[in-house]
Structures are given as C-alpha cells and as structure tokens.
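Trainee: mmCIF, C-alpha atoms, file entry_19.cif:
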data_work
loop_
_atom_site.label_atom_id
_atom_site.label_comp_id
_atom_site.auth_asym_id
_atom_site.auth_seq_id
_atom_site.Cartn_x
_atom_site.Cartn_y
_atom_site.Cartn_z
CA MET A 1 -133.91 10.49 9.08
CA GLN A 2 -131.78 10.29 5.94
CA PHE A 3 -132.09 12.45 2.89
CA ARG A 4 -130.52 12.59 -0.55
CA ARG A 5 -130.96 14.38 -3.86
CA ARG A 6 -130.92 13.01 -7.40
CA MET A 7 -131.75 13.93 -10.98
CA ASN A 8 -135.20 12.74 -12.00
CA LYS A 9 -136.18 11.62 -15.50
CA THR A 10 -136.94 15.19 -16.58
CA GLY A 11 -133.52 16.43 -15.48
CA GLU A 12 -134.66 18.15 -12.29
CA ILE A 13 -133.00 17.79 -8.88
CA VAL A 14 -135.42 16.25 -6.39
CA THR A 15 -135.10 15.53 -2.66
CA GLU A 16 -135.89 12.11 -1.22
CA VAL A 17 -136.16 11.08 2.43
CA ARG A 18 -136.42 7.85 4.40
CA SER A 19 -136.61 6.99 8.06
CA GLY A 20 -133.51 4.80 8.04
CA PRO A 21 -131.36 2.30 6.11
CA GLY A 22 -133.40 -0.34 4.31
CA GLU A 23 -136.53 1.81 4.16
CA GLU A 24 -138.02 3.09 0.90
CA TRP A 25 -136.98 6.50 -0.38
CA VAL A 26 -139.91 8.91 -0.71
CA GLU A 27 -139.83 12.12 -2.73
CA SER A 28 -140.29 15.19 -0.55
CA THR A 29 -141.16 18.79 -1.36
CA ALA A 30 -139.65 20.02 1.90
CA THR A 31 -136.14 21.43 1.84
CA ALA A 32 -133.70 18.85 3.06
CA LEU A 33 -132.17 20.96 5.83
CA GLY A 34 -135.00 23.24 6.85
CA TYR A 35 -133.68 26.34 5.14
CA PRO A 36 -134.11 27.63 1.57
CA SER A 37 -131.08 27.02 -0.62
CA PRO A 38 -129.13 30.21 -1.38
CA PHE A 39 -128.47 28.81 -4.85
CA SER A 40 -130.91 28.82 -7.76
CA THR A 41 -132.29 25.53 -9.05
CA GLU A 42 -130.88 26.33 -12.49
CA TRP A 43 -127.38 26.90 -11.14
CA GLU A 44 -127.37 23.72 -9.05
CA THR A 45 -128.67 21.67 -11.97
CA ARG A 46 -126.00 23.06 -14.27
CA GLN A 47 -123.30 22.30 -11.69
CA ALA A 48 -124.53 18.73 -11.33
CA VAL A 49 -124.59 18.13 -15.08
CA GLU A 50 -121.09 19.56 -15.47
CA ARG A 51 -119.91 17.06 -12.87
CA GLY A 52 -121.36 14.19 -14.86
CA ALA A 53 -124.83 13.74 -13.37
CA GLY A 54 -127.41 12.07 -15.57
CA ILE A 55 -130.93 10.71 -15.18
CA LYS A 56 -131.37 9.09 -11.72
CA SER A 57 -127.83 10.08 -10.72
CA ALA A 58 -127.15 11.03 -7.13
CA VAL A 59 -126.03 14.62 -6.67
CA LEU A 60 -124.69 16.44 -3.61
CA PRO A 61 -127.17 16.18 -0.72
CA PHE A 62 -126.78 19.97 -0.46
CA GLN A 63 -124.55 22.58 -2.05
CA PRO A 64 -122.22 24.03 0.61
CA LEU A 65 -122.24 27.80 0.97
CA SER A 66 -118.70 27.71 2.38
CA PHE A 67 -116.31 25.13 3.83
CA ARG A 68 -114.16 25.19 6.99
CA ASP A 69 -112.11 22.11 7.85
CA PHE A 70 -110.91 21.68 11.43
CA MET A 71 -108.25 19.35 12.84
CA ILE A 72 -109.26 17.99 16.25
CA PHE A 73 -107.44 14.64 16.51
CA GLU A 74 -103.92 14.94 17.90
CA GLN A 75 -102.85 11.41 17.02
CA HIS A 76 -103.82 11.95 13.38
CA ASN A 77 -101.41 14.88 13.22
CA ILE A 78 -98.62 12.77 14.72
CA ASN A 79 -99.28 9.76 12.49
CA ALA A 80 -99.57 11.89 9.36
CA ALA A 81 -96.33 13.73 10.14
CA ARG A 82 -94.55 10.39 10.52
CA GLY A 83 -96.04 9.19 7.23
CA TRP A 84 -95.06 12.38 5.41
CA ALA A 85 -91.48 12.15 6.66
CA GLY A 86 -91.32 8.49 5.72
CA ARG A 87 -92.16 9.25 2.09
CA PHE A 88 -90.68 12.70 1.50
CA ARG A 89 -87.91 13.06 4.12
CA PRO A 90 -86.55 9.57 4.84
CA GLY A 91 -83.45 10.91 6.57
CA LEU A 92 -85.60 12.88 8.99
CA ALA A 93 -87.85 9.85 9.50
CA THR A 94 -84.84 7.70 10.46
CA PHE A 95 -83.58 10.32 12.92
CA ALA A 96 -87.06 10.76 14.43
CA LYS A 97 -87.51 7.02 14.85
CA ARG A 98 -84.19 6.83 16.70
CA PHE A 99 -85.16 9.80 18.90
CA GLU A 100 -88.51 8.21 19.82
CA ARG A 101 -86.94 4.86 20.60
CA ILE A 102 -84.33 6.36 22.92
CA SER A 103 -86.45 9.05 24.59
CA ARG A 104 -89.76 7.17 24.60
CA ARG A 105 -91.38 10.48 23.59
CA THR A 106 -93.05 11.67 20.41
CA PHE A 107 -90.62 13.51 18.14
CA PRO A 108 -91.57 17.15 18.92
CA PRO A 109 -91.96 18.35 15.29
CA TYR A 110 -94.60 15.65 14.77
CA ARG A 111 -96.90 17.20 17.37
CA PRO A 112 -99.39 19.98 16.52
CA LYS A 113 -98.24 23.58 16.98
CA PRO A 114 -99.02 25.24 20.37
CA LEU A 115 -102.04 27.14 19.01
CA TRP A 116 -103.76 23.80 18.28
CA TYR A 117 -103.99 23.12 22.02
CA ARG A 118 -105.54 26.55 22.75
CA VAL A 119 -108.24 26.97 20.09
CA PRO A 120 -109.93 24.76 17.44
CA ILE A 121 -107.92 25.55 14.29
CA TYR A 122 -109.22 25.21 10.73
CA TYR A 123 -108.55 26.19 7.14
CA MET A 124 -111.01 27.57 4.58
CA GLY A 125 -111.53 25.22 1.63
CA ASN A 126 -113.10 25.61 -1.80
CA ALA A 127 -116.87 25.12 -1.58
CA SER A 128 -117.23 25.12 -5.37
CA THR A 129 -115.20 21.95 -5.99
CA PHE A 130 -117.34 19.50 -4.03
CA VAL A 131 -118.44 16.34 -5.83
CA PRO A 132 -120.78 13.53 -4.75
CA SER A 133 -119.85 9.95 -4.03
CA GLY A 134 -119.43 7.99 -7.25
CA THR A 135 -117.55 10.70 -9.14
CA PRO A 136 -114.35 9.41 -10.82
CA VAL A 137 -111.31 11.02 -9.18
CA THR A 138 -108.05 12.00 -10.87
CA ALA A 139 -104.99 13.44 -9.16
CA PRO A 140 -104.33 17.04 -10.18
CA SER A 141 -101.72 17.42 -12.91
CA TYR A 142 -99.17 18.91 -10.51
CA SER A 143 -99.21 16.06 -7.96
CA THR A 144 -97.98 12.48 -7.73
CA ALA A 145 -99.10 11.91 -4.13
CA LEU A 146 -102.90 11.72 -4.05
CA ASP A 147 -104.38 10.90 -0.65
CA TYR A 148 -107.85 10.54 0.87
CA GLU A 149 -109.02 11.76 4.31
CA LEU A 150 -112.08 10.35 6.06
CA GLU A 151 -113.94 13.02 8.04
CA LEU A 152 -117.36 13.78 9.51
CA GLY A 153 -119.00 16.84 7.95
CA PHE A 154 -121.78 18.94 9.49
CA VAL A 155 -123.84 21.75 8.00
CA LEU A 156 -125.64 24.64 9.70
CA ARG A 157 -129.42 25.01 9.58
CA ALA A 158 -129.48 28.29 11.55
CA PRO A 159 -127.31 31.42 11.72
CA LEU A 160 -124.70 31.90 14.45
CA PHE A 161 -122.79 34.89 15.76
CA ASP A 162 -120.66 34.98 18.92
CA ALA A 163 -122.41 31.75 19.91
CA ALA A 164 -121.85 29.71 23.05
CA PRO A 165 -121.00 26.02 22.45
CA GLU A 166 -124.44 24.73 23.48
CA GLU A 167 -126.23 27.20 21.18
CA ALA A 168 -123.80 26.38 18.37
CA SER A 169 -124.34 22.62 18.51
CA LYS A 170 -128.11 23.15 18.30
CA ALA A 171 -127.61 24.97 14.98
CA ILE A 172 -126.28 21.84 13.25
CA GLY A 173 -128.78 20.59 10.69
CA ALA A 174 -127.24 17.41 9.27
CA PHE A 175 -124.18 15.21 9.09
CA VAL A 176 -122.40 13.72 6.07
CA VAL A 177 -119.31 11.68 5.36
CA LEU A 178 -116.63 13.91 3.86
CA CYS A 179 -113.43 13.06 1.96
CA ASP A 180 -110.83 15.81 1.92
CA PHE A 181 -108.63 14.79 -1.02
CA SER A 182 -105.04 15.99 -0.64
CA ALA A 183 -101.97 16.44 -2.82
CA ARG A 184 -99.44 15.55 -0.14
CA ASP A 185 -96.35 16.51 -2.14
CA LYS A 186 -97.65 20.12 -2.26
CA GLN A 187 -99.22 20.41 1.19
CA ILE A 188 -96.26 20.94 3.54
CA PRO A 189 -94.50 23.54 1.34
CA GLU A 190 -97.79 25.49 1.12
CA MET A 191 -98.47 25.28 4.84
CA SER A 192 -94.90 26.35 5.57
CA SER A 193 -95.61 29.55 3.64
CA ASN A 194 -97.75 30.73 6.61
CA PHE A 195 -100.81 30.99 4.34
CA GLY A 196 -102.22 27.49 4.82
CA PRO A 197 -103.07 24.82 2.23
CA GLN A 198 -104.02 25.97 -1.27
CA LYS A 199 -103.58 23.81 -4.39
CA SER A 200 -102.89 20.82 -2.16
CA LYS A 201 -106.52 20.83 -1.01
CA HIS A 202 -108.75 23.01 -3.17
CA PHE A 203 -108.94 20.81 -6.27
CA MET A 204 -111.61 18.41 -4.94
CA THR A 205 -113.58 17.38 -1.85
CA SER A 206 -116.42 14.84 -1.83
CA LEU A 207 -119.54 14.11 0.21
CA SER A 208 -121.60 10.99 0.74
CA SER A 209 -124.76 11.01 -1.38
CA THR A 210 -126.86 10.65 1.79
CA ALA A 211 -127.00 12.91 4.83
CA VAL A 212 -128.65 12.35 8.20
CA GLU A 213 -130.51 14.70 10.50
CA ALA A 214 -128.38 16.06 13.31
CA SER A 215 -130.55 14.48 16.02
CA ASP A 216 -129.61 11.02 14.74
CA VAL A 217 -125.88 11.54 15.32
CA LEU A 218 -125.14 14.59 17.46
CA ASP A 219 -124.98 12.85 20.85
CA ARG A 220 -123.02 9.81 19.67
CA TRP A 221 -120.79 10.91 16.83
CA THR A 222 -117.55 9.92 18.60
CA THR A 223 -118.80 6.33 19.08
CA LEU A 224 -119.74 5.54 15.46
CA SER A 225 -117.56 2.94 13.77
CA SER A 226 -115.90 3.76 10.46
CA SER A 227 -113.90 1.96 7.81
CA VAL A 228 -111.69 2.48 4.77
CA ARG A 229 -111.71 -0.09 2.00
CA LEU A 230 -109.25 -0.08 -0.89
CA ASN A 231 -110.08 -2.42 -3.77
CA GLY A 232 -112.58 -4.25 -1.58
CA GLN A 233 -110.21 -4.86 1.34
CA VAL A 234 -110.50 -3.14 4.72
CA ILE A 235 -107.22 -1.27 5.27
CA ALA A 236 -108.21 0.89 8.26
CA ARG A 237 -110.86 1.36 10.91
CA PRO A 238 -110.38 5.03 11.77
CA ASP A 239 -110.93 6.24 15.33
CA SER A 240 -112.94 9.30 16.44
CA THR A 241 -113.07 8.64 20.18
CA SER A 242 -110.58 11.29 21.38
CA PRO A 243 -111.32 14.73 19.88
CA ARG A 244 -109.60 17.74 21.39
CA TRP A 245 -112.74 19.87 20.97
CA THR A 246 -116.51 19.36 20.88
CA LEU A 247 -118.54 20.28 17.81
CA GLY A 248 -120.12 23.12 19.79
CA GLU A 249 -116.72 24.49 20.77
CA MET A 250 -115.58 24.36 17.16
CA LEU A 251 -118.62 26.28 15.91
CA ALA A 252 -118.45 28.75 18.80
CA HIS A 253 -114.87 29.55 17.82
CA ALA A 254 -115.78 29.92 14.14
CA SER A 255 -118.68 32.25 15.02
CA ALA A 256 -116.62 34.53 17.28
CA GLY A 257 -117.00 37.99 15.76
CA GLU A 258 -118.07 36.40 12.46
CA GLN A 259 -121.58 35.84 11.11
CA LEU A 260 -122.25 32.24 10.07
CA TYR A 261 -125.19 31.34 7.84
CA PRO A 262 -127.35 28.27 7.12
CA GLY A 263 -125.68 26.09 4.50
CA GLU A 264 -122.11 26.64 5.69
CA LEU A 265 -120.26 23.32 5.94
CA PHE A 266 -117.70 22.26 8.54
CA ALA A 267 -115.65 19.11 9.10
CA THR A 268 -113.94 17.51 12.07
CA GLY A 269 -110.69 16.94 10.27
CA THR A 270 -109.31 13.49 9.60
CA TYR A 271 -110.04 10.67 12.02
CA VAL A 272 -107.04 8.87 13.51
CA ASN A 273 -105.75 6.50 10.80
CA GLY A 274 -108.31 8.03 8.44
CA CYS A 275 -105.86 8.87 5.64
CA GLY A 276 -103.47 6.85 3.51
CA MET A 277 -100.38 8.79 4.58
CA GLU A 278 -100.82 7.54 8.15
CA ILE A 279 -100.71 3.89 7.08
CA ASN A 280 -98.58 4.17 3.91
CA LYS A 281 -101.43 3.46 1.48
CA TRP A 282 -101.36 5.85 -1.48
CA LEU A 283 -104.03 6.15 -4.17
CA VAL A 284 -103.11 5.18 -7.73
CA PRO A 285 -105.12 4.89 -10.97
CA GLY A 286 -107.22 1.73 -10.98
CA ASP A 287 -107.99 1.84 -7.27
CA ASN A 288 -111.50 1.75 -5.83
CA LEU A 289 -111.86 3.70 -2.59
CA ARG A 290 -114.74 3.25 -0.13
CA LEU A 291 -115.14 5.29 3.07
CA GLU A 292 -117.96 4.67 5.55
CA ILE A 293 -119.15 6.09 8.86
CA GLU A 294 -121.79 3.97 10.58
CA GLY A 295 -125.26 5.50 10.39
CA VAL A 296 -124.10 8.50 8.35
CA GLY A 297 -123.17 7.37 4.85
CA ILE A 298 -120.71 6.00 2.32
CA ILE A 299 -118.32 7.60 -0.13
CA GLU A 300 -117.03 5.53 -3.03
CA HIS A 301 -114.74 6.61 -5.87
CA ASP A 302 -112.82 5.02 -8.70
CA ILE A 303 -109.35 6.53 -9.07
CA VAL A 304 -108.60 7.13 -12.76
#
Written as structure tokens, that's how I'd like the structure from this file.
Mentor:
Amino acid sequence: MQFRRRMNKTGEIVTEVRSGPGEEWVESTATALGYPSPFSTEWETRQAVERGAGIKSAVLPFQPLSFRDFMIFEQHNINAARGWAGRFRPGLATFAKRFERISRRTFPPYRPKPLWYRVPIYYMGNASTFVPSGTPVTAPSYSTALDYELELGFVLRAPLFDAAPEEASKAIGAFVVLCDFSARDKQIPEMSSNFGPQKSKHFMTSLSSTAVEASDVLDRWTTLSSSVRLNGQVIARPDSTSPRWTLGEMLAHASAGEQLYPGELFATGTYVNGCGMEINKWLVPGDNLRLEIEGVGIIEHDIV
C-alpha cells in the first residue's frame, strides 16, 4: 500500500492511501505509519507552508523525528573517491589510475576505512531540513559542487533498544526514496576533521512524496530497479544488489545501548552509481533531476 500527504483546499494536511500505482487515492483518517505523529498539526502545517506548499500541494509523507544515514555499498565509496579525486585532486587521480593499472588493485585510499567492514557506519543528519519532491533546489551559498545521492529510506513504526536484527527489521514501517544532497567541495575537509559531515550535508535532504508499507518492499529491496534522469535523459541505473549489511543489522547496530523511537528515519546510503560524482555529472542551475526506485517512489527537482 502507498500513502502520501497533501494540503487540502482548506489548508489542512490530509493523508491519502491507495493499494498500488494506477489506483485512486482515497483520503484516510488513519495515521500513515501506525503511530501518532510527535509533531503538532499546526507545526507541520507551518513547516509545509514555509517550504512553499499551497492548496493540493504534496508535502512530506511524514516528518522525520531524526535522521541517520548509513553507507553500505563498498563500490559506491570507491567510485565516489575516484570521482572526487578527478575533480578536486587531479594529480592524485592520475597517480591512482597509474597504480591501479599496474597493480590491478583498487587504490587503497579509495576503499572504506577498516571500521566500515566491522560495523554499519552512519552519520546523523538534519531532520529539520527535509523537503518533498518538487521543491526547487539551490546550492548553498558556500558551495560550487552540488551533487545528488539516490538512496532508500526507511522509517520506524515501533521502538527499538538493544534489538536483534530480526526484531529490528520488523520495526520498519515504510520505505521512501531519499535524496541526500551534498556540497562535495566541503565534504572531504569536514570529514577529515574527525567530526563527520556538517555543512556539506545538513542544508537539504528530500523524500519522495509517496511512501510504501514495509511489507511491500522489505523482502526484495535489493532487487528493485532504479534510475537517475537528468534533463529527461537516463544517466545512471544505480545498483543495490551488494550491500555489506542487512537493514536489520543496521538498525540493530543503531539501537545498541540507544533507545530508538517511531518516526526516526534511516537510509541505506547511496546506491552504486547513485550520485553524480561517481559518473562525473554535476548539478547546475537549469537542470531537472529525477530519481526513481521501482515500487517505492519518485523524487523530482528543478535546480535553480
């Protein structure tokens, strides 16, 4: 089942559901995820209006309580490191290319750090800067290297604490498409500070306007096709078939010694070839970006 939220003609946020693509949307009084929102209706409405929502506009399918973004695809890390070096450190990129050609091995600095292979790592993002699909996107004033990242997001419907992976996966309530916008020229210096990404990530993240119940996706999420279109042309078909960790393992790690609550949002991290830096496609004003994961949803933005 899919669900979405929008502003009705009286300026109220309403929830609509449908059994699948192509079916009619029906207004529902039930909460979309099976838990009461921790945010007041007035606050959510004000947030939506401030982000440009008007009558009949789609708004976020839910307001995240928090946001943790994992990185579970090794090849994405390698590809992105190559792409970053190619743009920002061309001398290093040339040396690395020569090393890989001679040794037939991945240039070691391009691989994830050792901790990545031992536990599912993540960073904490800014849950208050989420916008829905359709919102115009502008690079932050301090960056000239705006990038997109196609990811699968999942939100809790039940609390977790010191959970086992099987218990943790059962607590997932819904899935969404997520775009983790990034200021690439700021990201590596921030991450090298040993404090993780800050201004390079926190300025904006977006969600598809629709979400799907966990049962529709949970057992097949690595097999769903995805695509990236830029100005109407397919530029990538990102791959999610080889994650290092399961969703249950990710949530079990996050819940270790830490109480998690319904409404907290998580993401897989970028699919392989799911960002522009991997394929040397950078966002510029005038672009139209469209990200899609089969059976989950679509994100579309004009870059202004």
Trainee: Considering all atoms listed in the file, can you say which of A:Tyr123, A:Phe181, A:Phe161, A:Trp245 comes closest to A:Arg68?
Mentor: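 For A:Arg68, the nearest of the given residues is A:Tyr123.
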Trainee: Could you name the residues that touch A:Ser28 at 9 Å or less, counting only C-alpha atoms, but leaving out those on the same chain fewer than 5 positions away, as a list in words?
Mentor: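 Neighbouring residues, sequence-local ones excluded: Val14, Thr15, Glu16 and Val17 of chain A.
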Trainee: Please, what distance in Å, to one decimal, runs between atom CA of A:Ile13 and atom CA of A:Thr45?
Mentor: 6.6 Å
Trainee: Evaluate the PyMOL selection byres ((chain A and resi 203) around 10) against this structure - the residues, as a PyMOL selection string, please.
Mentor: chain A and resi 125-126+128-130+138-140+180-183+198-202+204-205
Trainee: Restricting the calculation to only C-alpha atoms: of A:Gly11, A:Arg101, A:Thr270, A:Ala171, which residue gets closest to A:Tyr35?
Mentor: A:Ala171
Trainee: Using 12 Å as the limit and counting all atoms listed in the file, can you tabulate each residue of stretch 193-265 of chain A that touches stretch 36-40 of chain A, with its shortest atom-to-atom distance in Å and the two atoms involved, as a Markdown table?
Mentor:
| residue | atom | partner | partner_atom | distance |
| --- | --- | --- | --- | --- |
| A:Tyr261 | CA | A:Pro38 | CA | 10.1 |
| A:Pro262 | CA | A:Ser37 | CA | 8.7 |
| A:Gly263 | CA | A:Ser37 | CA | 7.5 |
| A:Glu264 | CA | A:Pro38 | CA | 10.6 |
Trainee: Please provide the set of residues having any atom within 12 Å of A:Gly276, restricted to only C-alpha atoms, with same-chain residues fewer than 5 positions apart removed, written as a VMD selection string.
Mentor: chain A and resid 76 79 to 84 87 145 to 150 179 to 184 228 to 230 235 to 238 270 to 271 281 to 284 289 291
Trainee: For the atom pair atom CA of A:Thr222 and atom CA of A:Ile172, what is the interatomic distance in Å to one decimal place?
Mentor: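 Between these atoms lies a distance of 15.7 Å.
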Trainee: Using all atoms listed in the file, pick whichever of A:Pro114, A:Pro120, A:Gly91, A:Gly173 has the shortest atom-to-atom distance to A:Thr31.
Mentor: A:Gly173
Trainee: Starting from the PyMOL selection byres ((chain A and resi 207) around 12), expand the selection into actual residues of this file and give them as a PyMOL selection string.
Mentor: chain A and resi 4+58-64+127+129-135+149-155+175-181+204-206+208-211+265-267+290-293+296-301
Trainee: Could you take the residues named above and write them with C-alpha atoms, as a short mmCIF file (atom, residue, chain, number, x, y, z; two decimals), keeping the file's coordinate frame?
Mentor:
data_model
loop_
_atom_site.label_atom_id
_atom_site.label_comp_id
_atom_site.auth_asym_id
_atom_site.auth_seq_id
_atom_site.Cartn_x
_atom_site.Cartn_y
_atom_site.Cartn_z
CA ARG A 4 -130.52 12.59 -0.55
CA ALA A 58 -127.15 11.03 -7.13
CA VAL A 59 -126.03 14.62 -6.67
CA LEU A 60 -124.69 16.44 -3.61
CA PRO A 61 -127.17 16.18 -0.72
CA PHE A 62 -126.78 19.97 -0.46
CA GLN A 63 -124.55 22.58 -2.05
CA PRO A 64 -122.22 24.03 0.61
CA ALA A 127 -116.87 25.12 -1.58
CA THR A 129 -115.20 21.95 -5.99
CA PHE A 130 -117.34 19.50 -4.03
CA VAL A 131 -118.44 16.34 -5.83
CA PRO A 132 -120.78 13.53 -4.75
CA SER A 133 -119.85 9.95 -4.03
CA GLY A 134 -119.43 7.99 -7.25
CA THR A 135 -117.55 10.70 -9.14
CA GLU A 149 -109.02 11.76 4.31
CA LEU A 150 -112.08 10.35 6.06
CA GLU A 151 -113.94 13.02 8.04
CA LEU A 152 -117.36 13.78 9.51
CA GLY A 153 -119.00 16.84 7.95
CA PHE A 154 -121.78 18.94 9.49
CA VAL A 155 -123.84 21.75 8.00
CA PHE A 175 -124.18 15.21 9.09
CA VAL A 176 -122.40 13.72 6.07
CA VAL A 177 -119.31 11.68 5.36
CA LEU A 178 -116.63 13.91 3.86
CA CYS A 179 -113.43 13.06 1.96
CA ASP A 180 -110.83 15.81 1.92
CA PHE A 181 -108.63 14.79 -1.02
CA MET A 204 -111.61 18.41 -4.94
CA THR A 205 -113.58 17.38 -1.85
CA SER A 206 -116.42 14.84 -1.83
CA SER A 208 -121.60 10.99 0.74
CA SER A 209 -124.76 11.01 -1.38
CA THR A 210 -126.86 10.65 1.79
CA ALA A 211 -127.00 12.91 4.83
CA LEU A 265 -120.26 23.32 5.94
CA PHE A 266 -117.70 22.26 8.54
CA ALA A 267 -115.65 19.11 9.10
CA ARG A 290 -114.74 3.25 -0.13
CA LEU A 291 -115.14 5.29 3.07
CA GLU A 292 -117.96 4.67 5.55
CA ILE A 293 -119.15 6.09 8.86
CA VAL A 296 -124.10 8.50 8.35
CA GLY A 297 -123.17 7.37 4.85
CA ILE A 298 -120.71 6.00 2.32
CA ILE A 299 -118.32 7.60 -0.13
CA GLU A 300 -117.03 5.53 -3.03
CA HIS A 301 -114.74 6.61 -5.87
#
Trainee: Give as a list in words each residue that has an atom at most 6 Å from (-126.9, 10.1, 11.1) in the file, counting all atoms listed in the file.
Mentor: Val212, Glu213, Asp216, Val217, Gly295 and Val296 of chain A
Trainee: May I ask which of the residues A:Pro285, A:Gly274, A:Gly54, A:Gly248 is the closest one to A:Glu166, counting all atoms listed in the file?
Mentor: A:Gly248
Trainee: Can you tell me how far atom CA of A:Phe88 sits from atom CA of A:Pro189, in Å to one decimal?
Mentor: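 Distance between the two atoms: 11.5 Å.
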Trainee: Evaluated on this file, the PyMOL selection byres ((chain A and resi 97) around 12) picks out some residues - which ones are they, written as a JSON list (two decimals) with C-alpha atoms, in the coordinates of the input?
Mentor:
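Below is the file selection-v3.json, written as the result:
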[["chain", "number", "residue", "atom", "x", "y", "z"],
["A", 82, "ARG", "CA", -94.55, 10.39, 10.52],
["A", 83, "GLY", "CA", -96.04, 9.19, 7.23],
["A", 85, "ALA", "CA", -91.48, 12.15, 6.66],
["A", 86, "GLY", "CA", -91.32, 8.49, 5.72],
["A", 90, "PRO", "CA", -86.55, 9.57, 4.84],
["A", 91, "GLY", "CA", -83.45, 10.91, 6.57],
["A", 92, "LEU", "CA", -85.60, 12.88, 8.99],
["A", 93, "ALA", "CA", -87.85, 9.85, 9.50],
["A", 94, "THR", "CA", -84.84, 7.70, 10.46],
["A", 95, "PHE", "CA", -83.58, 10.32, 12.92],
["A", 96, "ALA", "CA", -87.06, 10.76, 14.43],
["A", 98, "ARG", "CA", -84.19, 6.83, 16.70],
["A", 99, "PHE", "CA", -85.16, 9.80, 18.90],
["A", 100, "GLU", "CA", -88.51, 8.21, 19.82],
["A", 101, "ARG", "CA", -86.94, 4.86, 20.60],
["A", 102, "ILE", "CA", -84.33, 6.36, 22.92],
["A", 103, "SER", "CA", -86.45, 9.05, 24.59],
["A", 104, "ARG", "CA", -89.76, 7.17, 24.60],
["A", 105, "ARG", "CA", -91.38, 10.48, 23.59],
["A", 106, "THR", "CA", -93.05, 11.67, 20.41],
["A", 107, "PHE", "CA", -90.62, 13.51, 18.14],
["A", 108, "PRO", "CA", -91.57, 17.15, 18.92],
["A", 110, "TYR", "CA", -94.60, 15.65, 14.77]]
Trainee: When you count only C-alpha atoms, which of these residues is closest to A:Ala158: A:Ala53, A:Met277, A:Leu260, A:Leu218?
Mentor: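 With only C-alpha atoms as the atom set, the closest residue is A:Leu260.
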Trainee: With all atoms listed in the file as the basis for distance, which of A:Asn280, A:Ser255, A:Asn8, A:Asn288 is at the shortest distance from A:Ala164?
Mentor: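 With all atoms listed in the file as the atom set, the closest residue is A:Ser255.
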